[in-house]
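> Got a structure for you, questions after.
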Amino acid sequence: MIRRAQRFRPLFLVAAAWNVAGATIGLLFLEPLSKLAWPETTLLSDPISVQFTTMFFGLVGVLGIGYLLVALDPSRNRGLV
């Protein structure tokens with residue numbers, strides 16, 4: 001069973017890298033990305049939209065950290081694998 005769980009390790013490593021990279025890019029480049037996604041509106045002028053978007057990218061980063069923890073020891077996290 002342990003060997004079988006180890007097969008999923010690369011999948012969780014890729015998911016962790018993808019989420020952490022996406023969250024980092026989203027948090028660092030919030031203004032250019034918002035202009036790219038919504039060119040007619042100014043997302044950053046509305047504080048609630050800024051807070052929601054920041055919380056979204058923060059959650060994506062936290063999920064990436066969770067994927068990394070699962071990838072480090074998939075046999076311990078059998079319920080997820």
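Naming scheme: A, B, ... for chains in displayed order of the structure tokens; residues 1 onward per chain; ligands 1 onward as shown.
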Using DSSP on the backbone coordinates, identify the residues of chain A assigned to helix (DSSP H, G or I); present them as an MDAnalysis selection string.

chainID A and resid 2:6 9:28 30:37 43:45 47:72

> Just write the chosen residues, C-alpha atoms, as a PDB file, in the first residue's frame.


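Result went into result.pdb, see below:
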ATOM      1  CA  ILE A   2       2.881   2.362   0.731  1.00  0.00           C
ATOM      2  CA  ARG A   3       4.375   1.877  -2.742  1.00  0.00           C
ATOM      3  CA  ARG A   4       1.006   2.516  -4.298  1.00  0.00           C
ATOM      4  CA  ALA A   5       0.627   5.819  -2.463  1.00  0.00           C
ATOM      5  CA  GLN A   6       4.100   6.910  -3.587  1.00  0.00           C
ATOM      6  CA  ARG A   9       3.795  11.960  -5.188  1.00  0.00           C
ATOM      7  CA  PRO A  10       4.694  13.653  -8.521  1.00  0.00           C
ATOM      8  CA  LEU A  11       1.062  14.629  -9.024  1.00  0.00           C
ATOM      9  CA  PHE A  12       0.918  16.411  -5.673  1.00  0.00           C
ATOM     10  CA  LEU A  13       4.309  18.039  -6.244  1.00  0.00           C
ATOM     11  CA  VAL A  14       3.128  19.476  -9.559  1.00  0.00           C
ATOM     12  CA  ALA A  15      -0.126  20.640  -7.958  1.00  0.00           C
ATOM     13  CA  ALA A  16       1.808  22.308  -5.138  1.00  0.00           C
ATOM     14  CA  ALA A  17       4.158  24.089  -7.525  1.00  0.00           C
ATOM     15  CA  TRP A  18       1.260  25.185  -9.742  1.00  0.00           C
ATOM     16  CA  ASN A  19      -0.762  26.608  -6.843  1.00  0.00           C
ATOM     17  CA  VAL A  20       2.145  28.334  -5.118  1.00  0.00           C
ATOM     18  CA  ALA A  21       3.345  29.845  -8.400  1.00  0.00           C
ATOM     19  CA  GLY A  22      -0.149  31.006  -9.310  1.00  0.00           C
ATOM     20  CA  ALA A  23      -0.722  32.541  -5.891  1.00  0.00           C
ATOM     21  CA  THR A  24       2.642  34.296  -5.928  1.00  0.00           C
ATOM     22  CA  ILE A  25       2.060  35.751  -9.379  1.00  0.00           C
ATOM     23  CA  GLY A  26      -1.485  36.738  -8.453  1.00  0.00           C
ATOM     24  CA  LEU A  27      -0.443  38.503  -5.272  1.00  0.00           C
ATOM     25  CA  LEU A  28       2.608  40.228  -6.729  1.00  0.00           C
ATOM     26  CA  LEU A  30      -2.555  42.123  -8.759  1.00  0.00           C
ATOM     27  CA  GLU A  31      -2.926  45.408 -10.640  1.00  0.00           C
ATOM     28  CA  PRO A  32      -1.696  44.274 -14.100  1.00  0.00           C
ATOM     29  CA  LEU A  33      -3.724  41.063 -13.884  1.00  0.00           C
ATOM     30  CA  SER A  34      -6.882  42.938 -12.931  1.00  0.00           C
ATOM     31  CA  LYS A  35      -6.421  45.299 -15.878  1.00  0.00           C
ATOM     32  CA  LEU A  36      -5.880  42.318 -18.160  1.00  0.00           C
ATOM     33  CA  ALA A  37      -8.998  40.514 -16.927  1.00  0.00           C
ATOM     34  CA  LEU A  43     -10.844  46.571  -9.716  1.00  0.00           C
ATOM     35  CA  LEU A  44      -8.350  48.205  -7.398  1.00  0.00           C
ATOM     36  CA  SER A  45     -10.597  51.197  -6.734  1.00  0.00           C
ATOM     37  CA  PRO A  47     -11.590  47.833  -1.501  1.00  0.00           C
ATOM     38  CA  ILE A  48     -13.954  44.867  -1.230  1.00  0.00           C
ATOM     39  CA  SER A  49     -12.840  43.543  -4.620  1.00  0.00           C
ATOM     40  CA  VAL A  50      -9.199  43.949  -3.644  1.00  0.00           C
ATOM     41  CA  GLN A  51      -9.788  42.094  -0.385  1.00  0.00           C
ATOM     42  CA  PHE A  52     -11.718  39.287  -2.115  1.00  0.00           C
ATOM     43  CA  THR A  53      -9.061  38.865  -4.798  1.00  0.00           C
ATOM     44  CA  THR A  54      -6.250  38.899  -2.242  1.00  0.00           C
ATOM     45  CA  MET A  55      -8.059  36.323  -0.111  1.00  0.00           C
ATOM     46  CA  PHE A  56      -8.623  34.138  -3.187  1.00  0.00           C
ATOM     47  CA  PHE A  57      -4.940  34.101  -4.120  1.00  0.00           C
ATOM     48  CA  GLY A  58      -4.033  33.543  -0.464  1.00  0.00           C
ATOM     49  CA  LEU A  59      -6.305  30.494  -0.350  1.00  0.00           C
ATOM     50  CA  VAL A  60      -4.743  29.152  -3.543  1.00  0.00           C
ATOM     51  CA  GLY A  61      -1.323  29.484  -1.871  1.00  0.00           C
ATOM     52  CA  VAL A  62      -2.493  27.706   1.287  1.00  0.00           C
ATOM     53  CA  LEU A  63      -3.886  24.850  -0.807  1.00  0.00           C
ATOM     54  CA  GLY A  64      -0.518  24.642  -2.554  1.00  0.00           C
ATOM     55  CA  ILE A  65       1.203  24.272   0.806  1.00  0.00           C
ATOM     56  CA  GLY A  66      -1.291  21.528   1.667  1.00  0.00           C
ATOM     57  CA  TYR A  67      -0.486  19.714  -1.574  1.00  0.00           C
ATOM     58  CA  LEU A  68       3.199  19.959  -0.713  1.00  0.00           C
ATOM     59  CA  LEU A  69       2.607  18.426   2.716  1.00  0.00           C
ATOM     60  CA  VAL A  70       0.726  15.541   1.112  1.00  0.00           C
ATOM     61  CA  ALA A  71       3.492  15.069  -1.471  1.00  0.00           C
ATOM     62  CA  LEU A  72       6.154  14.810   1.219  1.00  0.00           C
TER      63      LEU A  72
END
